[in-house]
Every structure is written in structure tokens, then in C-alpha cells.
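Take a look at the structure below.
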Amino acid sequence: MDAIVVSHLTKMFSNLIAIDDLSLKIEKGKITGLIGADGAGKTTLIRLIVGMLAPKNGKISVLNLNPIEQKAELNQKIGYMPQKFGLYEDLTVLQNLELYADLKNVPHDFDKLLKFTQLERFQGRLAGALSGGMKQKLGLAVVLLSSPELLVLDEPSVGVDPISRRDLMQMVRDLISPQTTVLWSTAYLDEAHSFDTAIVLDKGKVIFQGKPTELAKTSQEFENKVIDLMGGYQKKVSKVAENYTCSNTNNVQYTVIAENLEKRYGDFYAVRNNSFYIKKGEIFGLLGPNGAGKSTSFKMMCGLARPTSGTAKIMGIDIVENPEKARSYLGYMAQKFSLYETITVEQNLEFFASVYGLHDNKLKKRLEEIIDIFNFKEIRNQDTSELPLGFKQKLSMACALIHNPPILFLDEPTSGVDVVTRREFWNHITSLAKKGATVLVTTHFMDEAEYCDRISLFYRGEAVAIGTPDELKQRVGAKNMEEAFVNLIEESDK
């Protein structure tokens, strides 16, 4: 029996086709993964299914109900967790649970959920003060309160670490009834084998539906097969690296240094005893669970947060004593899109070029070079807010590189982009490193960790392991970096 039936569905926004003549069936009592990058159509399809949007053409049946005409009746049977954190950040964990229990008219019996989510000792903490993984667990706990017949989760694992992602899936499998249908969307292809059925979307169309093992036996092979279905990826010479000139590195032994960095808030250490030394041309990865201290370390290294103690040096220059000089050597790509959305692509590039000290003829020359390198000619006059995520990420990277910095700080540069664009980004990053750029990068994609020369694994504010990917895998007898990540964290807990 099918819980959801979609027939020849089309949805457009202005002239953009978000869902393109799409048909699919989702089996009752199964966990179905809806897989694809931002812009593939996942969220639009989910909103159509739960009745938040009306289709242009086609039909949808959800639990034998019409999502638009019988929306009130359908709402009683659905638990829906939207992509953006939908809880009240100024209420505590317990207050959020109590509020939603009252709204759903269910008893205030939270013991099992609090224990399973490991939120028992955080009941009095404001939801806004939780880590990303904890927020997602609380969001999931809220939608599970009413024991829904259909559970719809829009990217519940986005931006969270592999351990939290695994915990979220375990929550769903252990806390739902066998009759509950789950639709779980994700941008992480490595999650495919967690689902009973996988549906892969690309440009509003289904390019694969079936058991993940029907496409490939392992996650890494699954990614390669999906790339083939999307038209393939041909590795090319990186134009970004070809046009990159590594500026003077002052002959320092280490281009980036962290020595006993600490950041304390009252009695709480966000970062403790953090030390690492990065050489020219090295790709150094910061990995760790949400709340481990990666972003705080990043901010201290960039001069955006002042260390409580310890030293951070960029090209031998102390970031606290001479922040302006130290930052002039940096190209920084933030985790969240941080460019100006109300101005055009070209205006963003021009602004950042001038901030980094390029003016007049130098600015104009470099602007045209970057527009050519990143293929921005057709969108140079387009408002940044109108760009798909992949182009926004490319624009962020272009702004970080526009002054040819010797050091790049990239905070989750590929988050949310499609798998082909991820390959393209890492081709640029590895090629830039070969030209002499020093790269400090964070990522939640464990396959990307394999591109790093060395990795520092962060947990509870401290580095619990530093080494090459092979060294870390060998240390705990792991087959891949995801397994090494989980094992090293569990080893640290002991």
C-alpha cells in the first residue's frame, strides 16, 4: 500500500521550473530518503505533499487525502519538521516540549524522548543556546510527540556531524511505530544506505528510485553512480588555480600557527589547549561534532573572536597584536552565506576587492579576471539573492580569492551544493594548495576529509587526534573517515 502518490506534478516559481512532470509512489511503513542538493526540488516537493503549496499541474494523494482540499484533516496525521529550526529559541527545551504537547493535545510525558535525545540535563537551557545537533534532536522530539502516521523531515541532518546524524536516524527507527511512513530529505548522499528506499532528485526530476543497494553496494559507489545519472563529472584543469599567484609568504616555517589557544565564557571552555602548525601548501582540516569548538577556533584564527589566552599567528603576525596586517593575508569563506544579497554579483566582487586593498586599474583588471575564471559573465548584473546556492558558494569563494591571498580559511565551503559542484570545488582547493596556498577547512562530509593532508579532530573544545587521514583510520582500525570519526569520539569518551 502506498502512503503518498504523486502523478505528473509540476510547480513553477516565475519562470523557474522547480518540479518538472514528476511522478512517484512512497510505500506505507517505510523510511524513504529524498536525496538531492539545494535547488533539486526537495523542499518544494515536501511543501506540496504537506499542503503548504498548490501544484500548477498534476495530482497528489497523501494518506488517501488531498493536501489542499483536506488540509485540516491531513494535518492531524502528519508530523512535519521544516528545514529551518522551527522552535522557540527564547524558550527552554522543556518549555518547547510543553508548548507543542499542548498544541497537539497530548500528555506531558517527555521522559522517554528526553532520555533518547540525551537532552535530560539540558531541560532548562534555552533552545537558542543549543548546538546544531541538539536543536535538530529537539525539533525531531517535538514532531514525534503526537505519534504521527506520516513523519516528514526536511533535511533534519543538514550541517550536523556524523554522530548526530546517526543518532537522529536511530531516534526515528526506535521511536516510530511499524506503520509510520517517513519521508526524510537530505543533501548527504552517504545517508542513502540508511533508508529503506532512496529517491534521488535533480532539477525537479526523479533520476533514481529504489533500494540503495540496487544502484550501488556502498555509499562511495552510490555517489559515483549518482554523478553518472546527473551527466558525469570530467575533472579539468582548475582555472581558479591557473590564475592564482601566491603572494609573498615571508619565508616563515609555518604560515598558520595556533599555540595553546583557549576561549572561556565564565567557567565554560569553548576551546581549550588548541595547538596546530600549518605549512605553506598544506590542506588542514578541522573536524568534530557540533559544539566541539571548531567555529570558535576559526573565529579566533581570523581575529573575529579574541582568545582568552594563547596565541594565533598568520604569516608570523599575531592576530591580536596586529589584526589588520594578519587579516590581509587571509581569504575567508564563511559557513553561512555572508555576502550582500541586495546588490549584484559584480558589485559584491567590486566591494570585496576594494576592502582587500585593490583600487582603480588593478581592481578593474582583477574583477574581469575573476568574472571570466568563475564564468560569471551571464550573471554579473544579477541580484545575488536570485542565485541558486551553488552559484552563491562560487561567488563566496571568488570574493575570498579576489586578492590572491596566501592563506584560505574555508568554513564548510560545500554545504548544500550538489555532488558535481562539490567535486569541482575540491578540484579548485587541491589545485590551489599545489600552487602554494595554505588551506584551513571545516566540513561535515567525511569523504571530503580524505582530501586533507592533515586533520585535527575536535571534541568538547579540545583536539583529541591530529594526523593524516590514513593515520587516524589506522589508529582505530577504521575502513573510512566516517568510521574513524565515530570511533575516535567514542574512544575519547572512554
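If you're wondering about the labels, chains in the C-alpha cells are A, B, ... by order shown, residues count from 1 in each chain, ligands from 1 in order shown.
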
Notebook entry, point to check: Quick one: residues within 12 Å of range 87-96 of chain A, only C-alpha atoms counted, chain neighbours fewer than 3 positions away excluded, as number ranges by chain?
Noted result: A: 81-84, 99-103, 108-111, 113-114, 117-131, 134-143, 145

Next item on the list: Run DSSP on the backbone and grab whatever in range 42-195 of chain A lands in strand (DSSP E or B); send it over as a PyMOL selection string.
Entry: chain A and resi 57-62+65+78-81+92+126+150-154+181-186

Any chance you can output those residues with N, CA and C atoms as a PDB file, in the first residue's frame?
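In the end it all went to again_22.pdb:
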```
ATOM      1  N   ASN A  57       0.240  21.851 -12.034  1.00  0.00           N
ATOM      2  CA  ASN A  57      -0.433  20.727 -12.694  1.00  0.00           C
ATOM      3  C   ASN A  57      -0.154  19.454 -11.902  1.00  0.00           C
ATOM      4  N   GLY A  58      -0.986  18.438 -12.124  1.00  0.00           N
ATOM      5  CA  GLY A  58      -0.744  17.146 -11.520  1.00  0.00           C
ATOM      6  C   GLY A  58      -1.586  16.900 -10.281  1.00  0.00           C
ATOM      7  N   LYS A  59      -1.443  15.687  -9.721  1.00  0.00           N
ATOM      8  CA  LYS A  59      -2.245  15.281  -8.570  1.00  0.00           C
ATOM      9  C   LYS A  59      -1.348  14.730  -7.458  1.00  0.00           C
ATOM     10  N   ILE A  60      -1.806  14.938  -6.226  1.00  0.00           N
ATOM     11  CA  ILE A  60      -1.111  14.400  -5.045  1.00  0.00           C
ATOM     12  C   ILE A  60      -2.147  13.757  -4.126  1.00  0.00           C
ATOM     13  N   SER A  61      -1.860  12.551  -3.694  1.00  0.00           N
ATOM     14  CA  SER A  61      -2.677  11.880  -2.673  1.00  0.00           C
ATOM     15  C   SER A  61      -1.760  11.523  -1.509  1.00  0.00           C
ATOM     16  N   VAL A  62      -2.103  12.002  -0.310  1.00  0.00           N
ATOM     17  CA  VAL A  62      -1.302  11.740   0.890  1.00  0.00           C
ATOM     18  C   VAL A  62      -2.211  11.106   1.934  1.00  0.00           C
ATOM     19  N   LEU A  65      -5.730  11.398   1.118  1.00  0.00           N
ATOM     20  CA  LEU A  65      -6.332  12.723   1.256  1.00  0.00           C
ATOM     21  C   LEU A  65      -5.691  13.691   0.275  1.00  0.00           C
ATOM     22  N   ILE A  78      -0.055  14.184  10.341  1.00  0.00           N
ATOM     23  CA  ILE A  78       1.316  14.444   9.892  1.00  0.00           C
ATOM     24  C   ILE A  78       2.152  15.067  11.004  1.00  0.00           C
ATOM     25  N   GLY A  79       3.408  14.633  11.103  1.00  0.00           N
ATOM     26  CA  GLY A  79       4.415  15.338  11.883  1.00  0.00           C
ATOM     27  C   GLY A  79       5.409  15.929  10.903  1.00  0.00           C
ATOM     28  N   TYR A  80       5.536  17.265  10.883  1.00  0.00           N
ATOM     29  CA  TYR A  80       6.359  17.932   9.862  1.00  0.00           C
ATOM     30  C   TYR A  80       7.458  18.753  10.529  1.00  0.00           C
ATOM     31  N   MET A  81       8.696  18.450  10.177  1.00  0.00           N
ATOM     32  CA  MET A  81       9.850  19.189  10.689  1.00  0.00           C
ATOM     33  C   MET A  81      10.458  19.973   9.528  1.00  0.00           C
ATOM     34  N   THR A  92      12.913  27.398  26.900  1.00  0.00           N
ATOM     35  CA  THR A  92      13.807  26.295  27.226  1.00  0.00           C
ATOM     36  C   THR A  92      13.395  25.031  26.477  1.00  0.00           C
ATOM     37  N   LEU A 126      17.962  27.344  27.179  1.00  0.00           N
ATOM     38  CA  LEU A 126      17.215  27.956  26.078  1.00  0.00           C
ATOM     39  C   LEU A 126      17.529  27.225  24.778  1.00  0.00           C
ATOM     40  N   LEU A 150       2.313   9.936   9.349  1.00  0.00           N
ATOM     41  CA  LEU A 150       3.314  10.284   8.349  1.00  0.00           C
ATOM     42  C   LEU A 150       4.275  11.292   8.973  1.00  0.00           C
ATOM     43  N   LEU A 151       5.554  10.965   8.969  1.00  0.00           N
ATOM     44  CA  LEU A 151       6.589  11.841   9.507  1.00  0.00           C
ATOM     45  C   LEU A 151       7.384  12.414   8.337  1.00  0.00           C
ATOM     46  N   VAL A 152       7.355  13.743   8.188  1.00  0.00           N
ATOM     47  CA  VAL A 152       8.030  14.416   7.073  1.00  0.00           C
ATOM     48  C   VAL A 152       9.143  15.287   7.638  1.00  0.00           C
ATOM     49  N   LEU A 153      10.377  14.977   7.270  1.00  0.00           N
ATOM     50  CA  LEU A 153      11.552  15.648   7.818  1.00  0.00           C
ATOM     51  C   LEU A 153      12.344  16.298   6.688  1.00  0.00           C
ATOM     52  N   ASP A 154      12.390  17.619   6.678  1.00  0.00           N
ATOM     53  CA  ASP A 154      13.076  18.345   5.609  1.00  0.00           C
ATOM     54  C   ASP A 154      14.498  18.670   6.054  1.00  0.00           C
ATOM     55  N   THR A 181       4.949   6.012   8.207  1.00  0.00           N
ATOM     56  CA  THR A 181       5.710   6.290   6.981  1.00  0.00           C
ATOM     57  C   THR A 181       6.600   7.503   7.228  1.00  0.00           C
ATOM     58  N   VAL A 182       7.846   7.421   6.800  1.00  0.00           N
ATOM     59  CA  VAL A 182       8.786   8.533   6.995  1.00  0.00           C
ATOM     60  C   VAL A 182       9.316   8.994   5.637  1.00  0.00           C
ATOM     61  N   LEU A 183       9.236  10.292   5.402  1.00  0.00           N
ATOM     62  CA  LEU A 183       9.868  10.906   4.226  1.00  0.00           C
ATOM     63  C   LEU A 183      10.947  11.847   4.758  1.00  0.00           C
ATOM     64  N   TRP A 184      12.205  11.529   4.455  1.00  0.00           N
ATOM     65  CA  TRP A 184      13.374  12.219   5.031  1.00  0.00           C
ATOM     66  C   TRP A 184      14.212  12.779   3.895  1.00  0.00           C
ATOM     67  N   SER A 185      14.300  14.103   3.790  1.00  0.00           N
ATOM     68  CA  SER A 185      15.109  14.690   2.710  1.00  0.00           C
ATOM     69  C   SER A 185      16.509  15.008   3.221  1.00  0.00           C
ATOM     70  N   THR A 186      17.476  14.903   2.325  1.00  0.00           N
ATOM     71  CA  THR A 186      18.871  15.144   2.705  1.00  0.00           C
ATOM     72  C   THR A 186      19.710  15.515   1.494  1.00  0.00           C
TER      73      THR A 186
END
```

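Near Lys377 in chain A, within 10 Å and counting only C-alpha atoms, sit Val345, Glu346, Glu368, Ile370 and Ile371 of chain A, not including residues fewer than 6 positions from it in the same chain.
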
Margin query: Among range 83-236 of chain A, which ones does DSSP assign to helix (DSSP H, G or I) (computed from the backbone)? Answer as number ranges by chain.
Written below: A: 93-104, 111-117, 120-122, 127-129, 132-144, 162-175, 189-194, 212-215, 219-229

For Ser385 in chain A, list every protein, DNA or RNA residue within 10 Å, evaluated using only C-alpha atoms, and leave out those in the same chain fewer than 2 positions away; present the list as a PDB file with N, CA, C and O atoms, in the first residue's frame.
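Output below, filename part.pdb:
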```
ATOM      1  N   LEU A 339      27.592  37.264   1.944  1.00  0.00           N
ATOM      2  CA  LEU A 339      27.712  38.375   1.001  1.00  0.00           C
ATOM      3  C   LEU A 339      26.436  39.217   1.014  1.00  0.00           C
ATOM      4  O   LEU A 339      25.463  38.892   1.685  1.00  0.00           O
ATOM      5  N   TYR A 340      26.452  40.290   0.255  1.00  0.00           N
ATOM      6  CA  TYR A 340      25.315  41.206   0.253  1.00  0.00           C
ATOM      7  C   TYR A 340      24.310  40.786  -0.814  1.00  0.00           C
ATOM      8  O   TYR A 340      24.590  40.875  -2.012  1.00  0.00           O
ATOM      9  N   GLU A 341      23.127  40.350  -0.378  1.00  0.00           N
ATOM     10  CA  GLU A 341      22.148  39.788  -1.310  1.00  0.00           C
ATOM     11  C   GLU A 341      21.396  40.853  -2.093  1.00  0.00           C
ATOM     12  O   GLU A 341      20.779  40.549  -3.107  1.00  0.00           O
ATOM     13  N   THR A 342      21.411  42.102  -1.630  1.00  0.00           N
ATOM     14  CA  THR A 342      20.633  43.158  -2.292  1.00  0.00           C
ATOM     15  C   THR A 342      21.395  43.852  -3.405  1.00  0.00           C
ATOM     16  O   THR A 342      20.860  44.750  -4.055  1.00  0.00           O
ATOM     17  N   ILE A 343      22.656  43.440  -3.632  1.00  0.00           N
ATOM     18  CA  ILE A 343      23.422  44.018  -4.731  1.00  0.00           C
ATOM     19  C   ILE A 343      23.807  42.908  -5.716  1.00  0.00           C
ATOM     20  O   ILE A 343      23.609  41.730  -5.455  1.00  0.00           O
ATOM     21  N   THR A 344      24.353  43.298  -6.850  1.00  0.00           N
ATOM     22  CA  THR A 344      24.636  42.336  -7.912  1.00  0.00           C
ATOM     23  C   THR A 344      25.907  41.543  -7.622  1.00  0.00           C
ATOM     24  O   THR A 344      26.688  41.870  -6.725  1.00  0.00           O
ATOM     25  N   VAL A 345      26.110  40.528  -8.451  1.00  0.00           N
ATOM     26  CA  VAL A 345      27.320  39.712  -8.373  1.00  0.00           C
ATOM     27  C   VAL A 345      28.554  40.592  -8.537  1.00  0.00           C
ATOM     28  O   VAL A 345      29.500  40.538  -7.738  1.00  0.00           O
ATOM     29  N   GLN A 382      23.174  40.298 -12.123  1.00  0.00           N
ATOM     30  CA  GLN A 382      22.029  39.703 -11.434  1.00  0.00           C
ATOM     31  C   GLN A 382      22.138  39.938  -9.932  1.00  0.00           C
ATOM     32  O   GLN A 382      23.231  39.886  -9.356  1.00  0.00           O
ATOM     33  N   ASP A 383      20.986  40.207  -9.283  1.00  0.00           N
ATOM     34  CA  ASP A 383      20.997  40.352  -7.827  1.00  0.00           C
ATOM     35  C   ASP A 383      21.430  39.037  -7.193  1.00  0.00           C
ATOM     36  O   ASP A 383      20.964  37.960  -7.574  1.00  0.00           O
ATOM     37  N   LEU A 387      20.400  34.068  -6.946  1.00  0.00           N
ATOM     38  CA  LEU A 387      21.279  32.982  -7.376  1.00  0.00           C
ATOM     39  C   LEU A 387      20.934  31.671  -6.682  1.00  0.00           C
ATOM     40  O   LEU A 387      20.597  31.665  -5.496  1.00  0.00           O
ATOM     41  N   PRO A 388      21.053  30.532  -7.383  1.00  0.00           N
ATOM     42  CA  PRO A 388      20.983  29.234  -6.715  1.00  0.00           C
ATOM     43  C   PRO A 388      22.156  29.095  -5.748  1.00  0.00           C
ATOM     44  O   PRO A 388      23.178  29.788  -5.888  1.00  0.00           O
ATOM     45  N   LEU A 389      22.035  28.194  -4.768  1.00  0.00           N
ATOM     46  CA  LEU A 389      23.063  28.064  -3.737  1.00  0.00           C
ATOM     47  C   LEU A 389      24.443  27.778  -4.327  1.00  0.00           C
ATOM     48  O   LEU A 389      25.446  28.320  -3.868  1.00  0.00           O
ATOM     49  N   LYS A 392      25.954  30.909  -5.362  1.00  0.00           N
ATOM     50  CA  LYS A 392      26.292  31.731  -4.194  1.00  0.00           C
ATOM     51  C   LYS A 392      27.606  31.266  -3.565  1.00  0.00           C
ATOM     52  O   LYS A 392      28.440  32.080  -3.169  1.00  0.00           O
TER      53      LYS A 392
END
```

Note to self: With only C-alpha atoms as the counted atoms, please give the residues lying no more than 12 Å from Met12 in chain A, apart from itself and same-chain residues fewer than 4 positions off, as a PyMOL selection string.
What the structure shows: chain A and resi 16-21+41+44-45+48+53-57+203-204

Next item on the list: Can you pull out every residue within 8 Å of Ala187 in chain A, counting only C-alpha atoms, but drop anything in the same chain fewer than 2 positions away, and send it as a ChimeraX atom specification?
Entry: /A:35-38,155,158,185,189,416-418

Filtering to N, CA and C atoms, could you give me those residues as an mmCIF file, in the first residue's frame?
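Produced file again.cif, reproduced below:
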```cif
data_model
loop_
_atom_site.group_PDB
_atom_site.id
_atom_site.type_symbol
_atom_site.label_atom_id
_atom_site.label_comp_id
_atom_site.auth_asym_id
_atom_site.auth_seq_id
_atom_site.Cartn_x
_atom_site.Cartn_y
_atom_site.Cartn_z
ATOM 1 N N ILE A 35 16.717 12.507 -1.776
ATOM 2 C CA ILE A 35 18.118 12.925 -1.815
ATOM 3 C C ILE A 35 18.364 13.882 -2.979
ATOM 4 N N GLY A 36 19.082 14.957 -2.691
ATOM 5 C CA GLY A 36 19.424 15.904 -3.752
ATOM 6 C C GLY A 36 20.004 17.164 -3.151
ATOM 7 N N ALA A 37 20.663 17.949 -3.963
ATOM 8 C CA ALA A 37 21.287 19.192 -3.495
ATOM 9 C C ALA A 37 20.242 20.279 -3.326
ATOM 10 N N ASP A 38 20.647 21.414 -2.735
ATOM 11 C CA ASP A 38 19.771 22.583 -2.690
ATOM 12 C C ASP A 38 19.420 22.966 -4.124
ATOM 13 N N GLU A 155 15.442 17.869 5.596
ATOM 14 C CA GLU A 155 16.865 17.999 5.909
ATOM 15 C C GLU A 155 17.134 18.113 7.419
ATOM 16 N N VAL A 158 20.997 18.420 8.183
ATOM 17 C CA VAL A 158 21.843 19.397 7.496
ATOM 18 C C VAL A 158 22.757 20.100 8.500
ATOM 19 N N SER A 185 14.300 14.103 3.790
ATOM 20 C CA SER A 185 15.109 14.690 2.710
ATOM 21 C C SER A 185 16.509 15.008 3.221
ATOM 22 N N LEU A 189 24.603 12.335 0.265
ATOM 23 C CA LEU A 189 24.455 11.074 -0.460
ATOM 24 C C LEU A 189 24.898 9.876 0.372
ATOM 25 N N GLY A 416 25.514 21.936 1.238
ATOM 26 C CA GLY A 416 24.261 22.107 0.494
ATOM 27 C C GLY A 416 24.370 22.069 -1.012
ATOM 28 N N VAL A 417 25.576 22.084 -1.579
ATOM 29 C CA VAL A 417 25.685 22.092 -3.041
ATOM 30 C C VAL A 417 25.642 20.665 -3.580
ATOM 31 N N ASP A 418 25.356 20.522 -4.862
ATOM 32 C CA ASP A 418 25.237 19.189 -5.445
ATOM 33 C C ASP A 418 26.595 18.513 -5.537
#
```

Item checked: Contacts of Lys280 in chain A within 12 Å, only C-alpha atoms, excl. fewer than 2 positions in-chain, as a ChimeraX atom specification -> /A:246-257,277-278,282-284,314-315,405-408,432-440,453

Notebook entry, point to check: Which is closer to Met169 in chain A than all the others in A:Gly293, A:Gly86, A:Pro307, A:Gly33, using only C-alpha atoms?
Noted result: A:Gly33

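When CA of Leu457 in chain A is paired with CA of Gly159 in chain A, their separation reads 16.6 Å.
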
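For the residues A:Asp447, A:Arg47, A:Phe13, A:Ser354, ranking by smallest atom-to-atom distance to Glu386 in chain A using only C-alpha atoms places A:Phe13 first.
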
Margin query: Given only C-alpha atoms as the basis, pick out the residue of A:Gly133, A:Gly210, A:Pro469, A:Pro67 nearest to Lys25 in chain A.
Written below: A:Gly210

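For the choices A:Leu34, A:Leu304, A:Leu287, A:Val226, the atom-to-atom distance to His444 in chain A is smallest for A:Leu287 when using only C-alpha atoms.
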
Note to self: Given only C-alpha atoms as the basis, pick out the residue of A:Lys77, A:Ala398, A:Gly132, A:Ile163 nearest to Leu488 in chain A.
What the structure shows: A:Ile163
